[in-house]
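> What follows is a structure written as structure tokens; I'll ask about it next.
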Amino acid sequence: MSDFFTLFSDRIGLVCCAFSAAAALAALFPKKARVWALPGLLAALLVPIRGCSAANFIFALIDMPSLTLLIGCVFLALGKKSPLKNAELAAAAVVFLALALTELDFIPCDLYGWGYRGEAAAAAACLGVLFLAPSRWPVLVAAYLLWRLGIYQNMFDTLVDPVCAIAAAGLLIGRAFRAARISRANGPGRCGEVRESAPPRPCDR
């Protein structure tokens, strides 16, 4: 079965890239229109023009999207907020940064190379224990199975990719700015003021 998925991994990656891009674009449409926009955009991205589709360019640029990115695109297309907590977003960004630094020989340990062997499964499990809620274990199990089936050649690629890491960092920065803006808007509190994070303060007598 692994050989079967390996044989068609390029086509699977092409469809996954097209879906990720279609989901991101569908999020720009009103929620009621997304049920039609998503399949329409997916078909448009896969249609070959002079032998090459838009999905081919995306696939050549980012390769196979990670499972984390695909799940995030599903939530984006459905108009839902990201279910990832700040610790999980930070983990995705830090793991990708560490992988990039090992590839550039800034870190002497061949961390990315572990992904081609069984050690990556143990690393993913450790990440789950340290950063992920118990509800995230099915995602880790699914990532491990996809790696074993041969859809992903490297275990780390099932969990994080460049676009996923950039999106995680962007979400963290956005959440930090929103929290700071809400904190400034609430201010020290005034007589009778209704605040988002606290009940109205009584008037001083």
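Each chain in the structure tokens gets a letter, A, B and so on, in the order shown; residues start at 1 in every chain, and ligands are counted from 1 in the order they appear.
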Residues within 12 Å of Ile173 (chain A), please, as a ChimeraX atom specification. Count only C-alpha atoms; anything in the same chain fewer than 5 positions from it doesn't count.
/A:86,89-90,93,166-168,178-180
> Using backbone DSSP assignments, extract all alpha helix (DSSP H) residues from region 22-173 of chain A; output them as a ChimeraX atom specification.
/A:22-26,34-46,54-62,67-77,86-103,119-131,137-149,155-159,162-173
> Select, from A:Cys126, A:Met155, A:Cys17, A:Ile12, the residue with the minimum atom-to-atom distance to Leu70 (chain A), counting only C-alpha atoms.
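Looking only at the distances to Leu70 (chain A), the closest residue turns out to be A:Cys17.
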> What does the structure give for the distance between CA of Gly72 (chain A) and CA of Leu84 (chain A), in Å to one decimal?
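Going from CA of Gly72 (chain A) over to CA of Leu84 (chain A) covers 8.8 Å.
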> When you look at Leu45 (chain A) with a cut-off of 6 Å (counting only C-alpha atoms), what residues show up, excluding the ones that are within fewer than 6 positions of it in the same chain? I need them as a PyMOL selection string.
chain A and resi 18+54-55
